[in-house]
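Trainee: File name data-v6.txt; file contents compact mmCIF, C-alpha atoms; full text below.
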```txt
# COMPACT_ATOMS: atom_id res chain seq x y z
CA MET V 45 0.00 0.00 0.00
CA ALA V 46 1.09 3.55 -0.71
CA VAL V 47 1.53 5.87 2.25
CA ILE V 48 -0.41 9.11 1.84
CA GLU V 49 0.41 11.83 4.35
CA MET V 50 -1.09 15.26 4.89
CA ALA V 51 0.52 17.56 7.42
CA GLY V 52 -1.20 20.78 8.52
CA VAL V 53 -2.93 21.16 5.15
CA GLY V 54 -5.07 24.20 4.51
CA HIS V 55 -6.51 25.53 1.27
CA ARG V 56 -8.18 28.62 -0.13
CA TYR V 57 -8.98 29.02 -3.82
CA PRO V 58 -7.41 32.01 -5.61
CA GLY V 59 -9.46 35.19 -5.28
CA SER V 60 -11.42 33.85 -2.31
CA ASP V 61 -10.93 34.35 1.43
CA ARG V 62 -12.97 31.26 2.26
CA GLN V 63 -10.92 28.53 3.93
CA VAL V 64 -12.15 25.37 2.16
CA LEU V 65 -9.82 23.16 4.19
CA ALA V 66 -8.11 23.96 7.47
CA ASP V 67 -5.37 22.18 9.36
CA VAL V 68 -5.90 18.66 8.03
CA SER V 69 -3.32 16.13 9.18
CA VAL V 70 -3.83 12.50 8.32
CA ARG V 71 -1.85 9.40 7.32
CA LEU V 72 -3.60 6.92 5.03
CA THR V 73 -2.22 3.41 4.64
CA GLU V 74 -5.42 1.35 4.50
CA GLN V 75 -6.69 -0.28 1.31
CA ARG V 76 -10.17 1.25 1.50
CA VAL V 77 -10.69 4.77 2.80
CA GLY V 78 -14.05 6.56 2.55
CA VAL V 79 -14.60 10.31 2.70
CA ILE V 80 -18.00 11.79 3.56
CA GLY V 81 -19.40 15.23 4.33
CA ALA V 82 -22.00 17.75 3.25
CA ASN V 83 -21.72 19.70 -0.01
CA GLY V 84 -19.03 22.35 0.43
CA SER V 85 -17.42 20.57 3.39
CA GLY V 86 -14.06 20.32 1.59
CA LYS V 87 -14.06 16.64 0.67
CA SER V 88 -13.59 17.19 -3.09
CA THR V 89 -10.70 19.57 -2.41
CA PHE V 90 -9.25 16.93 -0.07
CA ALA V 91 -9.49 14.36 -2.91
CA ARG V 92 -7.84 16.73 -5.44
CA LEU V 93 -5.00 17.40 -3.02
CA LEU V 94 -4.10 13.70 -3.01
CA ASN V 95 -2.76 13.69 -6.57
CA GLY V 96 -1.72 17.30 -6.88
CA LEU V 97 -4.66 18.54 -8.95
CA VAL V 98 -4.94 21.12 -6.17
CA LEU V 99 -1.83 22.25 -4.31
CA PRO V 100 -2.11 23.13 -0.62
CA VAL V 101 -1.80 26.77 0.44
CA ASP V 102 -0.59 25.61 3.88
CA GLY V 103 1.20 22.41 4.86
CA ASN V 104 2.16 19.63 2.49
CA VAL V 105 0.85 16.43 0.93
CA ARG V 106 3.10 13.44 0.32
CA VAL V 107 2.54 10.12 -1.42
CA ASP V 108 5.29 7.60 -0.68
CA ASP V 109 7.51 10.55 0.27
CA LEU V 110 6.84 12.33 -3.03
CA ASP V 111 5.65 15.89 -2.46
CA THR V 112 2.67 16.88 -4.65
CA ARG V 113 4.08 20.40 -4.97
CA ARG V 114 7.53 19.30 -6.12
CA ASP V 115 6.90 15.88 -7.71
CA GLY V 116 3.39 16.37 -9.14
CA LYS V 117 3.97 14.31 -12.26
CA ALA V 118 5.39 11.33 -10.34
CA VAL V 119 2.52 11.54 -7.82
CA ARG V 120 -0.09 11.54 -10.61
CA ARG V 121 1.48 8.41 -12.08
CA ARG V 122 0.88 6.67 -8.75
CA VAL V 123 -2.48 8.20 -7.94
CA GLY V 124 -5.27 7.88 -10.52
CA PHE V 125 -8.33 10.11 -10.29
CA CYS V 126 -11.97 9.53 -11.25
CA PHE V 127 -14.24 12.58 -11.48
CA THR V 128 -17.93 12.88 -10.63
CA ASP V 129 -18.89 13.64 -14.22
CA PRO V 130 -17.30 11.14 -16.61
CA ASP V 131 -18.08 13.46 -19.55
CA ALA V 132 -15.49 15.86 -18.18
CA GLN V 133 -12.90 13.09 -18.00
CA ILE V 134 -13.41 11.52 -21.42
CA VAL V 135 -11.04 13.31 -23.77
CA MET V 136 -11.17 11.17 -26.93
CA PRO V 137 -14.12 10.59 -29.28
CA THR V 138 -14.31 6.77 -29.12
CA VAL V 139 -14.15 4.30 -26.24
CA ALA V 140 -10.94 2.48 -27.25
CA GLU V 141 -9.14 5.72 -28.09
CA ASP V 142 -10.02 7.18 -24.71
CA ILE V 143 -8.73 4.14 -22.83
CA GLY V 144 -5.50 4.27 -24.85
CA PHE V 145 -5.06 8.01 -24.32
CA GLY V 146 -3.30 7.78 -20.95
CA LEU V 147 -0.85 5.20 -22.34
CA ARG V 148 0.37 7.30 -25.25
CA ARG V 149 2.98 9.16 -23.22
CA ARG V 150 4.36 6.09 -21.45
CA GLY V 151 6.83 4.93 -24.08
CA LEU V 152 4.77 1.85 -25.01
CA SER V 153 4.64 0.41 -28.53
CA ARG V 154 1.38 0.54 -30.49
CA GLU V 155 0.94 -3.22 -30.01
CA GLN V 156 1.44 -2.93 -26.25
CA ILE V 157 -1.08 -0.10 -26.06
CA SER V 158 -3.58 -2.01 -28.16
CA GLN V 159 -3.11 -5.14 -26.01
CA ARG V 160 -3.70 -3.21 -22.78
CA VAL V 161 -6.72 -1.43 -24.26
CA ARG V 162 -8.26 -4.77 -25.32
CA ALA V 163 -7.69 -6.19 -21.82
CA ALA V 164 -9.26 -3.10 -20.20
CA LEU V 165 -12.27 -3.25 -22.53
CA ALA V 166 -12.81 -6.88 -21.51
CA SER V 167 -12.29 -6.23 -17.78
CA TYR V 168 -14.88 -3.44 -17.69
CA GLY V 169 -17.49 -5.06 -19.96
CA LEU V 170 -16.92 -2.65 -22.83
CA GLU V 171 -15.69 -5.15 -25.47
CA GLY V 172 -18.55 -4.45 -27.84
CA HIS V 173 -18.09 -0.71 -27.63
CA ALA V 174 -14.46 -0.21 -28.72
CA ASP V 175 -15.29 2.04 -31.69
CA HIS V 176 -18.47 3.42 -30.17
CA PRO V 177 -18.65 7.24 -29.78
CA ALA V 178 -17.98 7.81 -26.07
CA HIS V 179 -20.65 10.52 -25.78
CA LEU V 180 -23.36 8.04 -26.79
CA LEU V 181 -22.71 5.60 -23.90
CA SER V 182 -25.14 5.38 -20.98
CA GLY V 183 -24.21 7.10 -17.70
CA GLY V 184 -23.07 3.83 -16.10
CA GLN V 185 -21.02 2.86 -19.17
CA LYS V 186 -19.40 6.31 -19.25
CA GLN V 187 -18.34 5.94 -15.61
CA LEU V 188 -17.00 2.44 -16.41
CA LEU V 189 -15.07 3.95 -19.31
CA ALA V 190 -13.66 6.68 -17.06
CA LEU V 191 -12.63 4.01 -14.55
CA ALA V 192 -11.10 1.76 -17.25
CA ALA V 193 -9.17 4.72 -18.68
CA VAL V 194 -7.62 5.39 -15.28
CA MET V 195 -6.99 1.77 -14.30
CA VAL V 196 -5.29 0.89 -17.61
CA THR V 197 -2.38 3.10 -16.48
CA GLU V 198 -1.99 0.83 -13.42
CA PRO V 199 -1.95 3.41 -10.61
CA GLN V 200 -1.18 2.26 -7.06
CA VAL V 201 -3.93 4.41 -5.60
CA LEU V 202 -7.32 5.32 -7.05
CA VAL V 203 -9.05 8.49 -5.81
CA MET V 204 -12.72 8.75 -6.77
CA ASP V 205 -14.69 11.95 -6.28
CA GLU V 206 -18.38 11.02 -5.99
CA PRO V 207 -18.32 8.61 -8.96
CA THR V 208 -21.90 7.46 -8.33
CA THR V 209 -23.60 10.81 -7.73
CA LEU V 210 -24.92 11.12 -11.30
CA LEU V 211 -25.95 7.44 -11.57
CA ASP V 212 -29.15 5.57 -10.79
CA LEU V 213 -29.16 3.00 -7.97
CA ARG V 214 -28.43 0.02 -10.24
CA ASN V 215 -25.45 1.69 -11.91
CA ALA V 216 -24.21 3.06 -8.57
CA ARG V 217 -24.22 -0.47 -7.14
CA MET V 218 -22.50 -1.81 -10.26
CA ILE V 219 -19.72 0.78 -9.91
CA GLY V 220 -19.55 -0.08 -6.19
CA ARG V 221 -19.01 -3.77 -7.02
CA VAL V 222 -16.33 -2.96 -9.61
CA VAL V 223 -14.51 -0.70 -7.15
CA ALA V 224 -14.77 -3.31 -4.37
CA ALA V 225 -12.99 -5.84 -6.58
CA LEU V 226 -10.03 -3.56 -7.39
CA PRO V 227 -6.71 -4.63 -5.86
CA GLN V 228 -5.60 -0.99 -5.62
CA GLN V 229 -5.75 1.26 -2.61
CA VAL V 230 -8.96 3.31 -3.01
CA VAL V 231 -9.96 6.66 -1.53
CA LEU V 232 -13.67 7.10 -2.25
CA VAL V 233 -15.53 10.38 -1.74
CA THR V 234 -19.24 9.59 -1.74
CA HIS V 235 -22.77 10.41 -0.66
CA HIS V 236 -23.78 6.75 -1.13
CA LEU V 237 -23.08 5.63 2.42
CA ASP V 238 -23.86 1.96 1.74
CA LEU V 239 -20.76 1.75 -0.49
CA LEU V 240 -18.61 2.24 2.60
CA GLU V 241 -19.82 -0.80 4.59
CA ASP V 242 -16.69 -2.88 4.03
CA PHE V 243 -14.23 -0.01 4.12
CA ASP V 244 -11.33 0.07 6.58
CA ARG V 245 -11.66 3.69 7.57
CA VAL V 246 -13.94 6.67 6.93
CA LEU V 247 -13.10 10.37 7.26
CA VAL V 248 -15.89 12.85 8.00
CA PHE V 249 -15.49 16.47 6.87
CA ASP V 250 -17.51 19.44 8.07
CA GLU V 251 -16.95 23.08 7.10
CA GLY V 252 -13.41 22.43 5.90
CA ARG V 253 -12.29 20.43 8.92
CA LEU V 254 -11.68 16.74 9.43
CA VAL V 255 -14.07 16.18 12.32
CA LEU V 256 -13.96 12.40 12.66
CA ASP V 257 -11.69 9.58 11.52
CA ALA V 258 -13.22 6.23 12.43
CA VAL V 259 -14.51 2.84 11.29
CA PRO V 260 -17.46 3.04 8.83
CA GLU V 261 -20.27 2.31 11.31
CA GLU V 262 -19.15 4.99 13.74
CA ALA V 263 -18.35 7.55 11.03
CA VAL V 264 -21.67 7.08 9.20
CA ALA V 265 -23.64 7.33 12.45
CA TYR V 266 -21.80 10.55 13.34
CA TYR V 267 -22.41 11.98 9.86
CA ARG V 268 -26.13 11.16 10.00
CA LYS V 269 -26.37 12.94 13.36
CA LEU V 270 -24.46 15.91 11.98
CA MET V 271 -26.90 16.22 9.07
CA SER V 272 -30.08 15.83 11.14
CA MET D 298 -26.74 8.04 -37.09
CA ASN D 299 -23.58 10.06 -37.06
CA PRO D 300 -24.22 13.56 -38.29
CA LEU D 301 -21.19 15.25 -36.76
CA GLY D 302 -18.29 13.96 -38.79
CA LEU D 303 -17.14 11.56 -36.07
CA TYR D 304 -15.48 8.24 -36.81
CA LEU D 305 -17.68 5.51 -38.28
CA PRO D 306 -15.91 2.15 -37.93
CA GLY D 307 -15.38 0.17 -41.10
CA THR D 308 -12.96 -1.97 -43.09
CA THR D 309 -13.32 -0.40 -46.54
CA PRO D 310 -10.25 0.72 -48.54
CA VAL D 311 -11.02 4.32 -47.53
CA HIS D 312 -10.97 3.33 -43.84
CA ARG D 313 -7.75 1.36 -44.29
CA ALA D 314 -5.90 4.11 -46.21
CA PRO D 315 -3.16 5.71 -44.07
CA ALA D 316 -4.35 8.81 -42.20
CA ALA D 317 -1.38 10.82 -43.51
CA VAL D 318 -2.38 10.08 -47.13
CA LYS D 319 -5.94 11.20 -46.49
CA LEU D 320 -4.79 14.39 -44.77
CA LEU D 321 -2.36 15.18 -47.59
CA LEU D 322 -5.10 14.58 -50.14
CA MET D 323 -7.32 17.03 -48.28
CA LEU D 324 -4.49 19.56 -48.20
CA ALA D 325 -3.84 19.04 -51.92
CA LEU D 326 -7.49 19.67 -52.77
CA GLY D 327 -7.42 22.78 -50.58
CA VAL D 328 -4.48 24.15 -52.53
CA ALA D 329 -5.87 23.02 -55.90
CA SER D 330 -9.25 24.62 -55.18
CA VAL D 331 -7.65 28.02 -55.78
CA PHE D 332 -6.91 27.01 -59.38
CA LEU D 333 -10.21 25.25 -60.21
CA ASP D 334 -12.18 27.57 -62.46
CA ARG D 335 -13.94 25.32 -64.98
CA ALA D 336 -17.25 23.66 -64.27
CA TRP D 337 -16.13 20.23 -65.51
CA GLU D 338 -13.07 20.30 -63.16
CA VAL D 339 -15.27 21.02 -60.15
CA ALA D 340 -17.80 18.40 -61.30
CA ALA D 341 -14.99 15.82 -61.54
CA VAL D 342 -13.78 16.63 -58.00
CA LEU D 343 -17.34 16.43 -56.62
CA LEU D 344 -17.84 13.10 -58.37
CA ALA D 345 -14.56 11.76 -56.92
CA VAL D 346 -15.64 12.77 -53.40
CA VAL D 347 -19.07 11.16 -53.87
CA VAL D 348 -17.38 7.97 -55.09
CA GLY D 349 -15.20 8.12 -51.95
CA TYR D 350 -18.36 8.18 -49.80
CA ALA D 351 -19.80 5.24 -51.75
CA VAL D 352 -16.61 3.19 -51.42
CA ALA D 353 -16.48 3.98 -47.68
CA ARG D 354 -20.14 2.89 -47.43
CA ILE D 355 -21.17 6.05 -45.58
CA PRO D 356 -24.97 6.18 -45.21
CA PHE D 357 -26.65 8.77 -47.45
CA ARG D 358 -28.13 10.72 -44.51
CA THR D 359 -24.73 10.97 -42.85
CA ALA D 360 -23.17 12.20 -46.11
CA VAL D 361 -25.84 14.87 -46.53
CA ALA D 362 -25.46 15.88 -42.88
CA GLN D 363 -21.84 16.89 -43.56
CA VAL D 364 -22.94 19.80 -45.77
CA ARG D 365 -26.29 20.64 -44.17
CA PRO D 366 -24.80 23.26 -41.79
CA LEU D 367 -23.48 25.08 -44.88
CA LEU D 368 -26.81 25.35 -46.66
CA TRP D 369 -27.55 28.99 -45.79
CA VAL D 370 -24.05 30.24 -46.56
CA VAL D 371 -23.74 28.22 -49.76
CA GLY D 372 -27.25 29.20 -50.88
CA PHE D 373 -26.51 32.89 -50.30
CA ALA D 374 -23.16 32.63 -52.14
CA ALA D 375 -24.85 30.83 -55.05
CA ILE D 376 -27.53 33.53 -55.44
CA VAL D 377 -24.95 36.35 -55.32
CA HIS D 378 -22.73 34.65 -57.91
CA VAL D 379 -25.63 33.83 -60.24
CA PHE D 380 -26.52 37.54 -60.36
CA LEU D 381 -22.94 38.81 -60.55
CA ASP D 382 -21.09 36.19 -62.61
CA GLY D 383 -23.64 33.76 -64.04
CA TRP D 384 -24.53 30.12 -63.44
CA THR D 385 -21.15 28.61 -64.29
CA ARG D 386 -19.19 30.72 -61.82
CA ALA D 387 -21.82 30.08 -59.12
CA PHE D 388 -21.45 26.32 -59.67
CA VAL D 389 -17.63 26.55 -59.49
CA VAL D 390 -17.62 28.57 -56.23
CA VAL D 391 -20.31 26.54 -54.46
CA GLY D 392 -19.00 23.22 -55.83
CA VAL D 393 -15.48 23.83 -54.53
CA VAL D 394 -16.76 24.69 -51.02
CA VAL D 395 -19.06 21.65 -50.94
CA ALA D 396 -16.30 19.34 -52.21
CA LEU D 397 -13.83 20.58 -49.58
CA VAL D 398 -16.31 20.22 -46.73
CA MET D 399 -17.43 16.79 -47.92
CA LEU D 400 -13.86 15.59 -48.24
CA ALA D 401 -13.06 16.83 -44.72
CA GLY D 402 -16.16 14.97 -43.53
CA LEU D 403 -15.08 11.80 -45.33
CA VAL D 404 -11.63 11.94 -43.72
CA THR D 405 -13.02 12.32 -40.19
CA LEU D 406 -15.73 9.70 -40.77
CA THR D 407 -13.19 7.09 -41.89
CA THR D 408 -10.15 7.89 -39.73
CA ARG D 409 -9.68 7.23 -36.02
CA THR D 410 -8.86 10.41 -34.15
CA ASP D 411 -5.68 8.96 -32.64
CA ALA D 412 -4.49 7.87 -36.13
CA MET D 413 -5.19 11.37 -37.39
CA ALA D 414 -3.35 12.94 -34.44
CA ASP D 415 -0.37 10.59 -35.02
CA ALA D 416 -0.35 11.50 -38.72
CA VAL D 417 -0.38 15.23 -37.95
CA VAL D 418 2.45 14.76 -35.44
CA GLY D 419 4.41 12.79 -38.06
CA LEU D 420 3.80 15.29 -40.87
CA LEU D 421 4.82 18.22 -38.65
CA ARG D 422 7.90 16.48 -37.23
CA PRO D 423 10.39 18.77 -39.07
CA LEU D 424 8.91 21.72 -37.17
CA ARG D 425 10.26 20.24 -33.93
CA HIS D 426 13.66 21.63 -34.91
CA VAL D 427 12.28 25.15 -34.61
CA GLY D 428 10.69 24.45 -31.23
CA VAL D 429 7.13 23.54 -32.27
CA ASP D 430 5.47 21.09 -29.86
CA THR D 431 3.95 18.74 -32.45
CA GLU D 432 2.48 16.38 -29.81
CA ARG D 433 0.50 19.31 -28.49
CA ILE D 434 -0.85 20.11 -31.96
CA GLY D 435 -1.96 16.47 -32.32
CA LEU D 436 -3.66 16.64 -28.91
CA VAL D 437 -5.44 19.90 -29.80
CA LEU D 438 -6.74 18.28 -32.98
CA ALA D 439 -8.06 15.26 -31.05
CA LEU D 440 -9.66 17.46 -28.39
CA GLY D 441 -11.26 19.65 -31.07
CA ILE D 442 -12.98 16.62 -32.59
CA ARG D 443 -14.04 15.33 -29.16
CA CYS D 444 -15.52 18.73 -28.25
CA VAL D 445 -17.94 18.81 -31.21
CA PRO D 446 -20.53 16.46 -29.64
CA VAL D 447 -19.92 18.02 -26.21
CA VAL D 448 -20.78 21.54 -27.40
CA VAL D 449 -23.76 20.23 -29.41
CA GLY D 450 -24.96 18.46 -26.23
CA LEU D 451 -24.54 21.63 -24.17
CA ALA D 452 -26.45 23.65 -26.79
CA GLU D 453 -29.32 21.13 -26.64
CA GLU D 454 -29.40 21.35 -22.84
CA VAL D 455 -29.52 25.16 -22.95
CA ARG D 456 -32.30 25.07 -25.57
CA ASP D 457 -34.28 22.53 -23.48
CA ALA D 458 -33.84 24.70 -20.38
CA GLN D 459 -35.14 27.72 -22.31
CA ARG D 460 -38.16 25.79 -23.57
CA ALA D 461 -38.90 24.42 -20.08
CA ARG D 462 -38.98 27.98 -18.75
CA GLY D 463 -41.20 29.18 -21.60
CA LEU D 464 -38.61 31.55 -23.06
CA THR D 465 -38.85 32.50 -26.70
CA ALA D 466 -35.89 32.20 -29.06
CA SER D 467 -33.43 34.86 -27.96
CA PRO D 468 -29.85 34.75 -29.24
CA ARG D 469 -28.53 36.34 -26.03
CA ALA D 470 -30.42 33.99 -23.73
CA PHE D 471 -28.99 31.10 -25.75
CA ALA D 472 -25.41 32.29 -26.22
CA VAL D 473 -24.60 33.42 -22.66
CA PRO D 474 -25.35 30.11 -20.86
CA LEU D 475 -23.78 28.16 -23.73
CA VAL D 476 -20.52 30.12 -23.46
CA VAL D 477 -20.51 29.82 -19.65
CA ARG D 478 -21.10 26.05 -19.81
CA SER D 479 -18.48 25.63 -22.52
CA LEU D 480 -15.91 27.49 -20.43
CA ARG D 481 -16.79 25.34 -17.40
CA HIS D 482 -16.34 22.24 -19.53
CA ALA D 483 -12.98 23.55 -20.74
CA ASP D 484 -11.89 24.01 -17.10
CA ALA D 485 -12.96 20.47 -16.23
CA LEU D 486 -11.23 19.12 -19.33
CA GLY D 487 -8.01 20.87 -18.35
CA GLU D 488 -8.19 19.28 -14.91
CA ALA D 489 -8.89 15.86 -16.46
CA LEU D 490 -5.93 16.18 -18.82
CA LEU D 491 -3.67 16.97 -15.89
CA ALA D 492 -5.07 14.01 -13.94
CA ARG D 493 -4.47 11.77 -16.97
CA GLY D 494 -0.83 12.66 -17.33
CA VAL D 495 -0.83 15.60 -19.74
CA GLU D 496 1.31 18.07 -17.85
CA ASP D 497 1.05 21.77 -18.67
```
What is this file in structure tokens?
Mentor:
Amino acid sequence: MAVIEMAGVGHRYPGSDRQVLADVSVRLTEQRVGVIGANGSGKSTFARLLNGLVLPVDGNVRVDDLDTRRDGKAVRRRVGFCFTDPDAQIVMPTVAEDIGFGLRRRGLSREQISQRVRAALASYGLEGHADHPAHLLSGGQKQLLALAAVMVTEPQVLVMDEPTTLLDLRNARMIGRVVAALPQQVVLVTHHLDLLEDFDRVLVFDEGRLVLDAVPEEAVAYYRKLMS
Amino acid sequence: MNPLGLYLPGTTPVHRAPAAVKLLLMLALGVASVFLDRAWEVAAVLLAVVVGYAVARIPFRTAVAQVRPLLWVVGFAAIVHVFLDGWTRAFVVVGVVVALVMLAGLVTLTTRTDAMADAVVGLLRPLRHVGVDTERIGLVLALGIRCVPVVVGLAEEVRDAQRARGLTASPRAFAVPLVVRSLRHADALGEALLARGVED
């Protein structure tokens, strides 16, 4: 497992005085870590800090001793990221091209890329859609494509920012099952609390602060009380 | 149906032709179009493009959809040229534009975007010596093609939202949210590219 460390992390977005995260210190070594909190509580910023998409204003974030500020590229190779809206993540017109996109800058031959793309298509149930226009897939298939496109690059850690928020219950459960079967370390930001049942640890955020770090049952109960 | 000039999978000779050849052919027609001034020359080029569509087995509706967005402009140009220069000149001007647009459509319909991007990177390779980032040009081309259905989708959403709120057709009420949404999408795309290993 990768070791993710945050020390005294705080963040404000440029042009805003609002502290979206304040004084977060945490060390993540577990295979399954959940992140929950109300809208605007800072959990998406927390997720983006983990692979350097957002750099901390205060403190530092390290992944296996690589600093996101100094070694952003190396960190992003280790930490894959899935967004809430797969449409924002899909950058190529067809399914196979999009899966292969992340491999193009890795010094692989065309045959190696094509082999990995075929394997990813099969693993995520997209075999019949290789040349399909990505924008015509269903919501669940788009999220599977986004996941396949990240996983094909073989990251050690997968950070997912509310990947089921735009999906119906069936597709949300399907994504939950796929994620549960991944061998990678996963940090999952979600509002679907049932996805966290088998997780090792859950972090609860409220108004930019990490207010509880506990096992799922305790964390979910605390969050429900906080929202009532 | 694929009305937007996006890749239609196939195994025809047009699909299998190297992307670089197709791009060079398009470039050659672009250059040659300046010198086409006889009706039979333009008719021959149009016929060749139509044959290309037939060989590539592109459905008729998809072929027509490639030039449909041009109808108003081409129609206006045709009327002006008929009055100013006569029928023959009108046919030459309109025919060249239609042939160029249809050929561009045929290339995108029969060529994978990554093959096209690779071809562009390969063709521009000499420019690397003067500091041009050819990989970036290939990426911009691929993203441009990907963004066509995205912007069309955003435009449909904005139009639906207007209808749902009972607003009449107003260019400003349509353009402002469309531009805002497109810029938001561009921001999200930039973040996704960074997350997927395209460093700035």
Trainee: Could you check the closest approach to V:Phe125 for each of V:Arg113, V:Arg71, V:Arg76, V:Arg92 and tell me which residue wins, using only C-alpha atoms?
Mentor: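 Counting only C-alpha atoms, the residue closest to V:Phe125 is V:Arg92.
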Trainee: Just to confirm, what's the straight-line distance from atom CA of V:Arg160 to atom CA of V:Leu189 in Å (one decimal)?
Mentor: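 The value is 13.9 Å.
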Trainee: Hey, what's within 8 Å of stretch 254-265 of chain V if we count only C-alpha atoms and toss same-chain stuff fewer than 2 positions away? As a list in words, please?
Mentor: Val68, Gly78, Leu237, Leu240, Glu241, Asp242, Phe243, Asp244, Arg245, Val246, Leu247, Val248, Phe249, Asp250, Gly252, Tyr267, Arg268 and Lys269 of chain V
Trainee: Compile the residues of chain V that lie within 10 Å of chain D, evaluated using only C-alpha atoms, and express the compilation as a PyMOL selection string.
Mentor: chain V and resi 92+95-98+116-118+120-121+123-127+129-138+140-142+144-150+174-180+193-194+197
Trainee: Show which residues sit within 9 Å of stretch 399-408 of chain D, as an mmCIF file with C-alpha atoms, keeping the file's coordinate frame. Count all atoms listed in the file, and ignore same-chain residues fewer than 5 positions away.
Mentor:
```
data_model
loop_
_atom_site.group_PDB
_atom_site.id
_atom_site.type_symbol
_atom_site.label_atom_id
_atom_site.label_comp_id
_atom_site.auth_asym_id
_atom_site.auth_seq_id
_atom_site.Cartn_x
_atom_site.Cartn_y
_atom_site.Cartn_z
ATOM 1 C CA ASN D 299 -23.580 10.060 -37.060
ATOM 2 C CA LEU D 301 -21.190 15.250 -36.760
ATOM 3 C CA GLY D 302 -18.290 13.960 -38.790
ATOM 4 C CA LEU D 303 -17.140 11.560 -36.070
ATOM 5 C CA TYR D 304 -15.480 8.240 -36.810
ATOM 6 C CA LEU D 305 -17.680 5.510 -38.280
ATOM 7 C CA PRO D 306 -15.910 2.150 -37.930
ATOM 8 C CA GLY D 307 -15.380 0.170 -41.100
ATOM 9 C CA THR D 309 -13.320 -0.400 -46.540
ATOM 10 C CA VAL D 311 -11.020 4.320 -47.530
ATOM 11 C CA HIS D 312 -10.970 3.330 -43.840
ATOM 12 C CA ARG D 313 -7.750 1.360 -44.290
ATOM 13 C CA ALA D 314 -5.900 4.110 -46.210
ATOM 14 C CA PRO D 315 -3.160 5.710 -44.070
ATOM 15 C CA ALA D 316 -4.350 8.810 -42.200
ATOM 16 C CA LYS D 319 -5.940 11.200 -46.490
ATOM 17 C CA LEU D 320 -4.790 14.390 -44.770
ATOM 18 C CA MET D 323 -7.320 17.030 -48.280
ATOM 19 C CA LEU D 326 -7.490 19.670 -52.770
ATOM 20 C CA LEU D 343 -17.340 16.430 -56.620
ATOM 21 C CA VAL D 346 -15.640 12.770 -53.400
ATOM 22 C CA VAL D 347 -19.070 11.160 -53.870
ATOM 23 C CA GLY D 349 -15.200 8.120 -51.950
ATOM 24 C CA TYR D 350 -18.360 8.180 -49.800
ATOM 25 C CA ALA D 353 -16.480 3.980 -47.680
ATOM 26 C CA ILE D 355 -21.170 6.050 -45.580
ATOM 27 C CA ALA D 360 -23.170 12.200 -46.110
ATOM 28 C CA VAL D 361 -25.840 14.870 -46.530
ATOM 29 C CA GLN D 363 -21.840 16.890 -43.560
ATOM 30 C CA VAL D 364 -22.940 19.800 -45.770
ATOM 31 C CA VAL D 394 -16.760 24.690 -51.020
ATOM 32 C CA MET D 413 -5.190 11.370 -37.390
ATOM 33 C CA ILE D 442 -12.980 16.620 -32.590
#
```
Trainee: Please compute the atom CA of V:Asp111-atom CA of V:Val77 distance, one decimal, in Å.
Mentor: 20.5 Å
Trainee: Counting all atoms listed in the file, figure out which residue out of V:Met195, V:Ala46, V:Val222, V:Val203 gets nearest to V:Asp109.
Mentor: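 Checking each candidate against V:Asp109, we get V:Ala46 as the closest.
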Trainee: Take every atom of stretch 196-209 of chain V listed in the file, pad by 5 Å on each side, and give me the axis-aligned box centre and edge lengths in Å, one decimal, as AutoDock Vina command-line options.
Mentor:
```
--center_x -12.4 --center_y 6.4 --center_z -11.6 --size_x 32.4 --size_y 21.1 --size_z 22.0
```
Trainee: Check the smallest atom-to-atom distance from each of V:Thr73, V:Gln200, V:Asn104, V:Thr208 to V:Gly52 using only C-alpha atoms, then report the winner.
Mentor: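 Checking each of V:Thr73, V:Gln200, V:Asn104, V:Thr208 against V:Gly52, counting only C-alpha atoms, the winner is V:Asn104.
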Trainee: Name the residues in contact with V:Gly184 at a cut-off of 8 Å, using all atoms listed in the file, excluding same-chain residues fewer than 5 positions from it; report them as an NGL selection string.
Mentor: :V and (211 or 215-216 or 219)
Trainee: Hey, can you spit out that residue selection with C-alpha atoms as a compact mmCIF listing (two decimals), in the frame of the given file?
Mentor:
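The resulting file, result02.txt, is shown below:
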```txt
# COMPACT_ATOMS: atom_id res chain seq x y z
CA LEU V 211 -25.95 7.44 -11.57
CA ASN V 215 -25.45 1.69 -11.91
CA ALA V 216 -24.21 3.06 -8.57
CA ILE V 219 -19.72 0.78 -9.91
```
Trainee: Just checking: using only C-alpha atoms, which residue out of V:His235, V:Leu226, V:Leu165, V:Ile48 ends up closest to V:Val107?
Mentor: V:Ile48
Trainee: Which residue, D:Val390, D:Val377, D:Val339, D:Leu397, has the smallest gap to D:Leu324 when you use all atoms listed in the file?
Mentor: D:Leu397
Trainee: So what do you get for atom CA of D:Asp334 versus atom CA of D:Thr385, distance-wise?
Mentor: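 Interatomic distance here is 9.2 Å.
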Trainee: With all atoms listed in the file as the atoms that count, which of V:Leu152, V:Ala192, V:Ile80, V:Leu270 lies nearest to V:Gly169?
Mentor: V:Ala192
Trainee: If I put a ball of radius 8 Å at (-5.6, 17.8, 9.2) in the file's coordinates, which residues poke into it when counting all atoms listed in the file, written as number ranges by chain?
Mentor: V: 50-54, 66-70, 253-254
